[in-house]
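K.L.:
If it helps, the file is called query28.cif and holds mmCIF, C-alpha atoms and all ligand atoms:
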```
data_entry
loop_
_atom_site.label_atom_id
_atom_site.label_comp_id
_atom_site.auth_asym_id
_atom_site.auth_seq_id
_atom_site.Cartn_x
_atom_site.Cartn_y
_atom_site.Cartn_z
CA MET O 204 15.85 8.44 -16.34
CA LYS O 205 12.09 7.89 -16.31
CA GLN O 206 9.46 10.45 -15.20
CA THR O 207 7.78 8.17 -12.69
CA VAL O 208 9.19 6.10 -9.85
CA VAL O 209 7.59 3.35 -7.79
CA VAL O 210 9.07 2.79 -4.32
CA TYR O 211 7.83 0.00 -2.08
CA ARG O 212 8.27 -1.44 1.40
CA SER O 213 7.16 -5.04 1.53
CA LYS O 214 7.50 -7.58 4.33
CA SER O 215 6.26 -10.72 2.63
CA GLY O 216 6.16 -9.74 -1.04
CA TYR O 217 2.54 -8.75 -1.80
CA THR O 218 3.24 -5.03 -2.07
CA LYS O 219 6.39 -5.78 -4.07
CA GLN O 220 4.33 -7.76 -6.58
CA TYR O 221 1.94 -4.83 -7.09
CA ALA O 222 4.88 -2.40 -7.32
CA LYS O 223 6.43 -4.47 -10.12
CA TRP O 224 3.15 -4.61 -12.07
CA ILE O 225 2.61 -0.85 -11.66
CA ALA O 226 6.18 0.02 -12.69
CA LYS O 227 5.85 -2.15 -15.79
CA ALA O 228 2.45 -0.70 -16.77
CA LEU O 229 3.70 2.88 -16.36
CA ASP O 230 7.22 2.29 -17.67
CA ALA O 231 8.51 3.63 -14.35
CA ASP O 232 11.69 3.11 -12.32
CA LEU O 233 11.28 0.71 -9.40
CA PHE O 234 13.06 0.68 -6.04
CA ASP O 235 12.86 -1.15 -2.76
CA GLY O 236 12.55 1.67 -0.19
CA ARG O 237 15.65 0.35 1.59
CA ASP O 238 17.86 1.13 -1.41
CA ILE O 239 16.67 4.37 -2.98
CA PRO O 240 19.55 6.36 -4.44
CA ALA O 241 20.25 9.46 -2.33
CA GLY O 242 19.11 12.72 -3.92
CA GLN O 243 17.52 11.07 -6.95
CA MET O 244 13.87 11.51 -5.98
CA LYS O 245 13.78 15.18 -6.91
CA HIS O 246 14.13 14.33 -10.62
CA TYR O 247 10.84 12.45 -10.86
CA GLU O 248 7.55 14.09 -11.79
CA THR O 249 5.46 11.39 -10.13
CA VAL O 250 6.41 9.41 -7.03
CA ILE O 251 4.36 6.33 -6.14
CA TYR O 252 4.81 4.76 -2.72
CA GLY O 253 3.42 1.30 -1.88
CA ALA O 254 3.33 -0.37 1.54
CA GLY O 255 1.45 -2.92 3.60
CA LEU O 256 -1.15 -2.04 6.22
CA TYR O 257 -0.20 -3.31 9.66
CA THR O 258 -2.11 -2.99 12.92
CA VAL O 259 -0.14 0.07 13.92
CA GLY O 260 -0.34 1.79 10.54
CA VAL O 261 0.93 1.94 6.97
CA SER O 262 4.47 0.61 6.86
CA HIS O 263 7.10 3.40 6.86
CA LEU O 264 4.62 6.13 6.00
CA ARG O 265 6.45 8.66 8.15
CA TRP O 266 9.66 7.84 6.29
CA ALA O 267 7.88 8.24 2.93
CA ARG O 268 6.57 11.66 3.96
CA THR O 269 10.03 12.96 4.76
CA GLN O 270 12.26 11.07 2.32
CA LEU O 271 10.14 10.55 -0.79
CA PHE O 272 7.50 13.24 -0.80
CA LYS O 273 9.54 16.29 0.07
CA TYR O 274 9.46 18.07 -3.31
CA PRO O 275 6.37 20.26 -3.84
CA HIS O 276 6.32 19.93 -7.66
CA GLN O 277 5.77 16.18 -7.59
CA ARG O 278 2.54 14.26 -8.07
CA LYS O 279 2.26 11.95 -5.04
CA VAL O 280 0.51 8.61 -5.09
CA VAL O 281 0.24 5.98 -2.35
CA PHE O 282 -1.06 2.46 -2.63
CA VAL O 283 -1.72 0.49 0.53
CA THR O 284 -2.08 -3.28 0.56
CA GLY O 285 -4.02 -5.13 3.24
CA LEU O 286 -6.23 -8.07 3.96
CA SER O 287 -9.33 -5.99 4.65
CA PRO O 288 -12.04 -6.16 1.98
CA ASP O 289 -11.72 -3.41 -0.62
CA ARG O 290 -15.06 -1.75 -0.03
CA GLU O 291 -15.37 2.02 -0.18
CA GLU O 292 -16.28 2.61 3.48
CA ILE O 293 -13.32 0.49 4.64
CA GLN O 294 -10.96 2.43 2.40
CA GLU O 295 -12.41 5.69 3.72
CA THR O 296 -11.66 4.53 7.29
CA ILE O 297 -8.08 3.71 6.30
CA TRP O 298 -7.55 7.11 4.67
CA ARG O 299 -9.02 9.00 7.62
CA LYS O 300 -7.05 7.02 10.19
CA HIS O 301 -3.62 7.17 8.58
CA PHE O 302 -3.53 10.23 6.30
CA ARG O 303 -3.79 13.93 7.05
CA GLU O 304 -6.59 16.00 5.56
CA LYS O 305 -4.22 17.76 3.13
CA GLU O 306 -2.76 14.45 2.01
CA ARG O 307 -6.23 13.02 1.38
CA ARG O 308 -7.02 16.03 -0.81
CA GLN O 309 -3.76 16.23 -2.72
CA TRP O 310 -2.41 12.70 -3.05
CA GLY O 311 -3.76 9.85 -5.12
CA LEU O 312 -4.68 7.15 -2.59
CA PHE O 313 -5.38 3.55 -3.63
CA TYR O 314 -6.14 0.40 -1.69
CA LEU O 315 -5.15 -2.98 -3.15
CA ARG O 316 -5.88 -6.29 -1.51
CA GLY O 317 -2.67 -8.08 -0.56
CA GLY O 318 -2.20 -11.42 1.06
CA PHE O 319 -1.07 -13.37 4.05
CA ASP O 320 1.33 -16.25 4.46
CA PRO O 321 2.16 -17.41 8.02
CA ASP O 322 5.43 -18.93 6.75
CA ARG O 323 6.69 -15.57 5.49
CA LEU O 324 6.16 -13.71 8.80
CA THR O 325 8.78 -12.60 11.29
CA VAL O 326 8.49 -13.95 14.84
CA TYR O 327 7.19 -10.57 15.98
CA ASP O 328 4.49 -10.43 13.27
CA ARG O 329 3.46 -14.01 14.07
CA PHE O 330 2.98 -12.90 17.67
CA LEU O 331 0.91 -9.88 16.58
CA ILE O 332 -1.29 -12.10 14.42
CA ARG O 333 -1.93 -14.40 17.38
CA LEU O 334 -3.05 -11.37 19.38
CA LEU O 335 -5.31 -10.20 16.55
CA LYS O 336 -6.86 -13.65 16.24
CA LEU O 337 -7.37 -13.89 20.01
CA LYS O 338 -9.04 -10.48 20.05
CA LEU O 339 -11.44 -11.51 17.30
CA GLU O 340 -12.13 -14.93 18.81
CA GLN O 341 -13.05 -13.36 22.15
CA LYS O 342 -15.74 -11.14 20.65
CA ASP O 343 -19.33 -12.26 21.30
CA SER O 344 -20.40 -11.70 17.74
CA LEU O 345 -18.40 -11.01 14.60
CA THR O 346 -19.31 -8.98 11.54
CA SER O 347 -18.97 -10.81 8.23
CA ASP O 348 -15.77 -8.81 7.55
CA GLU O 349 -14.30 -9.90 10.88
CA ARG O 350 -15.23 -13.52 10.16
CA GLY O 351 -13.54 -13.17 6.76
CA MET O 352 -10.40 -11.69 8.36
CA LEU O 353 -10.29 -14.52 10.89
CA VAL O 354 -10.43 -17.12 8.11
CA ALA O 355 -7.83 -15.19 6.09
CA TYR O 356 -5.43 -15.20 9.05
CA GLN O 357 -5.63 -19.02 9.41
CA GLN O 358 -4.02 -20.04 6.13
CA PRO O 359 -2.04 -18.67 3.19
CA THR O 360 -4.25 -16.22 1.31
CA ASP O 361 -3.33 -14.28 -1.82
CA PHE O 362 -5.71 -11.63 -3.16
CA THR O 363 -3.19 -9.96 -5.48
CA ARG O 364 -4.60 -9.52 -8.99
CA ARG O 365 -2.88 -7.71 -11.81
CA GLY O 366 -6.17 -6.10 -12.89
CA SER O 367 -6.50 -4.36 -9.50
CA ILE O 368 -3.80 -1.84 -10.45
CA GLU O 369 -5.88 -0.43 -13.33
CA PRO O 370 -7.53 2.51 -11.44
CA LEU O 371 -4.11 3.66 -10.18
CA VAL O 372 -2.51 3.32 -13.61
CA ARG O 373 -5.35 5.27 -15.26
CA TYR O 374 -5.09 7.97 -12.58
CA VAL O 375 -1.33 8.46 -13.10
CA ARG O 376 -1.69 8.52 -16.90
CA ARG O 377 -4.51 11.07 -16.72
CA GLU O 378 -2.63 13.29 -14.29
CA SER O 379 0.51 13.16 -16.46
CA GLU O 380 -1.47 14.13 -19.57
CA ASP O 381 -3.00 17.08 -17.71
CA ARG O 382 0.48 18.35 -16.96
CA GLN O 383 1.72 18.31 -20.55
CA PRO O 384 1.99 21.88 -21.84
CA SER O 385 -0.54 22.45 -24.64
CA LEU O 386 1.04 23.18 -28.05
C1 LIG F 1 1.07 -8.40 11.99
C2 LIG F 1 0.13 -8.10 10.86
C3 LIG F 1 -0.86 -7.16 11.03
C4 LIG F 1 -1.75 -6.86 9.98
N1 LIG F 1 -2.72 -5.93 10.17
C5 LIG F 1 -3.59 -5.67 9.17
C6 LIG F 1 -4.64 -4.72 9.34
O1 LIG F 1 -4.79 -4.10 10.40
N2 LIG F 1 -5.49 -4.51 8.30
C7 LIG F 1 -5.36 -5.17 7.09
O2 LIG F 1 -6.15 -4.94 6.19
N3 LIG F 1 -4.34 -6.06 6.89
C8 LIG F 1 -3.48 -6.32 7.89
N4 LIG F 1 -2.47 -7.24 7.70
C9 LIG F 1 -2.29 -7.85 6.39
C10 LIG F 1 -1.19 -7.15 5.59
O3 LIG F 1 -1.45 -5.81 5.43
C11 LIG F 1 -1.11 -7.79 4.21
O4 LIG F 1 -0.63 -9.08 4.42
C12 LIG F 1 -0.22 -7.02 3.23
O5 LIG F 1 -0.51 -7.42 1.93
C13 LIG F 1 1.25 -7.26 3.52
O6 LIG F 1 2.04 -6.67 2.52
P1 LIG F 1 3.62 -6.91 2.45
O7 LIG F 1 3.84 -8.38 2.64
O8 LIG F 1 4.01 -6.47 1.10
O9 LIG F 1 4.24 -6.08 3.55
C14 LIG F 1 -1.61 -7.55 8.74
C15 LIG F 1 -0.58 -8.51 8.58
C16 LIG F 1 0.27 -8.78 9.62
C17 LIG F 1 1.34 -9.82 9.41
#
```
With the file now loaded, output its structure as structure tokens.
P.N.:
Amino acid sequence: MKQTVVVYRSKSGYTKQYAKWIAKALDADLFDGRDIPAGQMKHYETVIYGAGLYTVGVSHLRWARTQLFKYPHQRKVVFVTGLSPDREEIQETIWRKHFREKERRQWGLFYLRGGFDPDRLTVYDRFLIRLLKLKLEQKDSLTSDERGMLVAYQQPTDFTRRGSIEPLVRYVRRESEDRQPSL
């Protein structure tokens, strides 16, 4: 059994793609969050959870808190994928909105740009996207980010890049080295 596990929840595959790249780079086990083996999480030193950002929040974050991150000894890392640009102030807003103060201090948090494909959405998500678009279209003036989001929601868009996982991979490697007992 490996020391690190990557668990993901992915609706249309963008988070899953990142999870696969991360697991390969770190030589980690990889699971879809729907099929994690009961009781196995406690054996890992590092648990990495990846999920998409949806209007209401980070997918299944409450579940991850209680089912994945319940062992105090573990290093906890979350990567969130979304369509928003990956600028620092936007990431800061995401962390503040969806994560508790203690989590922001203790967990490794990473934002990776995902993608959007209208053909891969559920009926419900398609409806939500129409609402989001309507809301943006009704605004008198749009910021450049909002204009970008509006364009991104019109057609298939894929921002996933293998190189984007590098900061997370470096972080996990560094943290693991720090934990090795010195000889
Ligand atoms: C209904 C819906 C709402 C979304 N809301 C947001 C959002 O508020 N912010 C954002 O950055 N991306 C948003 N997105 C984009 C998704 O986060 C992005 O497509 C993500 O990569 C999906 O990952 P997954 O397919 O692996 O679940 C939304 C997408 C959908 C379909």
K.L.:
Select, from O:Asp232, O:Asp361, O:Glu306, O:Asp381, the residue with the minimum atom-to-atom distance to ligand LIG 1 (chain F), counting only C-alpha atoms and all ligand atoms.
P.N.:
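Comparing O:Asp232, O:Asp361, O:Glu306, O:Asp381 against ligand LIG 1 (chain F), the winner is O:Asp361.
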K.L.:
For region 255-258 of chain O, please output as a PDB file with C-alpha atoms, in the frame of the given file all residues within 10 Å (counting all atoms listed in the file; exclusion window: fewer than 5 positions along the same chain).
P.N.:
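Writing the result to result12.pdb gives the following:
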```
ATOM      1  CA  TYR O 211       7.830   0.000  -2.080  1.00  0.00           C
ATOM      2  CA  ARG O 212       8.270  -1.440   1.400  1.00  0.00           C
ATOM      3  CA  SER O 213       7.160  -5.040   1.530  1.00  0.00           C
ATOM      4  CA  LYS O 214       7.500  -7.580   4.330  1.00  0.00           C
ATOM      5  CA  SER O 215       6.260 -10.720   2.630  1.00  0.00           C
ATOM      6  CA  GLY O 216       6.160  -9.740  -1.040  1.00  0.00           C
ATOM      7  CA  TYR O 217       2.540  -8.750  -1.800  1.00  0.00           C
ATOM      8  CA  THR O 218       3.240  -5.030  -2.070  1.00  0.00           C
ATOM      9  CA  LYS O 219       6.390  -5.780  -4.070  1.00  0.00           C
ATOM     10  CA  HIS O 263       7.100   3.400   6.860  1.00  0.00           C
ATOM     11  CA  LEU O 264       4.620   6.130   6.000  1.00  0.00           C
ATOM     12  CA  PHE O 282      -1.060   2.460  -2.630  1.00  0.00           C
ATOM     13  CA  VAL O 283      -1.720   0.490   0.530  1.00  0.00           C
ATOM     14  CA  THR O 284      -2.080  -3.280   0.560  1.00  0.00           C
ATOM     15  CA  GLY O 285      -4.020  -5.130   3.240  1.00  0.00           C
ATOM     16  CA  LEU O 286      -6.230  -8.070   3.960  1.00  0.00           C
ATOM     17  CA  SER O 287      -9.330  -5.990   4.650  1.00  0.00           C
ATOM     18  CA  ILE O 297      -8.080   3.710   6.300  1.00  0.00           C
ATOM     19  CA  HIS O 301      -3.620   7.170   8.580  1.00  0.00           C
ATOM     20  CA  TYR O 314      -6.140   0.400  -1.690  1.00  0.00           C
ATOM     21  CA  LEU O 315      -5.150  -2.980  -3.150  1.00  0.00           C
ATOM     22  CA  ARG O 316      -5.880  -6.290  -1.510  1.00  0.00           C
ATOM     23  CA  GLY O 317      -2.670  -8.080  -0.560  1.00  0.00           C
ATOM     24  CA  GLY O 318      -2.200 -11.420   1.060  1.00  0.00           C
ATOM     25  CA  ASP O 328       4.490 -10.430  13.270  1.00  0.00           C
ATOM     26  CA  LEU O 331       0.910  -9.880  16.580  1.00  0.00           C
ATOM     27  CA  ILE O 332      -1.290 -12.100  14.420  1.00  0.00           C
ATOM     28  CA  LEU O 335      -5.310 -10.200  16.550  1.00  0.00           C
TER      29      LEU O 335
END
```
K.L.:
Please compute the atom C13 of ligand LIG 1 (chain F)-CA of Arg307 (chain O) distance, one decimal, in Å.
P.N.:
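About the pair atom C13 of ligand LIG 1 (chain F) and CA of Arg307 (chain O): they are 21.7 Å apart.
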K.L.:
Name the closest residue to ligand LIG 1 (chain F) among the candidates O:Phe330, O:Tyr247, O:Phe234, O:Tyr374; distances are taken between atoms, counting all atoms listed in the file.
P.N.:
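Selected residue with least distance to ligand LIG 1 (chain F): O:Phe330.
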K.L.:
Within 12 Å of Gly242 (chain O), counting only C-alpha atoms, which residues show up once you throw out same-chain ones fewer than 6 positions away? Write them as a ChimeraX atom specification, please.
P.N.:
/O:270-271,273-274
K.L.:
If you take every atom of ligand LIG 1 (chain F) that the file lists and fit an axis-aligned box around them with 3 Å extra on each side, what centre and edge lengths come out in Å to one decimal, as JSON?
P.N.:
```
{"center_x": -1.0, "center_y": -7.0, "center_z": 6.5, "size_x": 16.4, "size_y": 11.7, "size_z": 16.9}
```
K.L.:
Counting all atoms listed in the file, figure out which residue out of O:Val280, O:Met352, O:Val210, O:Ala226 gets nearest to ligand LIG 1 (chain F).
P.N.:
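Between O:Val280, O:Met352, O:Val210, O:Ala226, the residue approaching ligand LIG 1 (chain F) most closely is O:Met352.
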K.L.:
Select, from O:Ala228, O:Val209, O:Ile293, O:Val354, the residue with the minimum atom-to-atom distance to Ala267 (chain O), counting only C-alpha atoms.
P.N.:
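Closest candidate: O:Val209.
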K.L.:
Which residues are near Asp322 (chain O)? Cut-off 12 Å, all atoms listed in the file, ignore same chain within fewer than 3 positions. Put them as a ChimeraX atom specification.
P.N.:
/O:214-215,319,325-326,328-329,356-360
K.L.:
Take the residues just selected and output them with C-alpha atoms as a PDB file, in the frame of the given file.
P.N.:
```
ATOM      1  CA  LYS O 214       7.500  -7.580   4.330  1.00  0.00           C
ATOM      2  CA  SER O 215       6.260 -10.720   2.630  1.00  0.00           C
ATOM      3  CA  PHE O 319      -1.070 -13.370   4.050  1.00  0.00           C
ATOM      4  CA  THR O 325       8.780 -12.600  11.290  1.00  0.00           C
ATOM      5  CA  VAL O 326       8.490 -13.950  14.840  1.00  0.00           C
ATOM      6  CA  ASP O 328       4.490 -10.430  13.270  1.00  0.00           C
ATOM      7  CA  ARG O 329       3.460 -14.010  14.070  1.00  0.00           C
ATOM      8  CA  TYR O 356      -5.430 -15.200   9.050  1.00  0.00           C
ATOM      9  CA  GLN O 357      -5.630 -19.020   9.410  1.00  0.00           C
ATOM     10  CA  GLN O 358      -4.020 -20.040   6.130  1.00  0.00           C
ATOM     11  CA  PRO O 359      -2.040 -18.670   3.190  1.00  0.00           C
ATOM     12  CA  THR O 360      -4.250 -16.220   1.310  1.00  0.00           C
TER      13      THR O 360
END
```
K.L.:
For Arg365 (chain O), please output as a ChimeraX atom specification all residues within 9 Å (counting only C-alpha atoms; exclusion window: fewer than 6 positions along the same chain).
P.N.:
/O:220-221,224-225
K.L.:
For CA of Glu378 (chain O) and CA of Trp266 (chain O), quote the distance in Å rounded to one decimal.
P.N.:
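It comes out at 24.6 Å.
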K.L.:
Work out how far CA of Glu292 (chain O) is from CA of Val261 (chain O), in Å to one decimal.
P.N.:
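Spanning CA of Val261 (chain O) to CA of Glu292 (chain O) is a straight-line distance of 17.6 Å.
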K.L.:
Which of these residues is nearest to ligand LIG 1 (chain F), using only C-alpha atoms and all ligand atoms: O:Thr269, O:Ser379, O:Thr207, O:Ser262?
P.N.:
O:Ser262
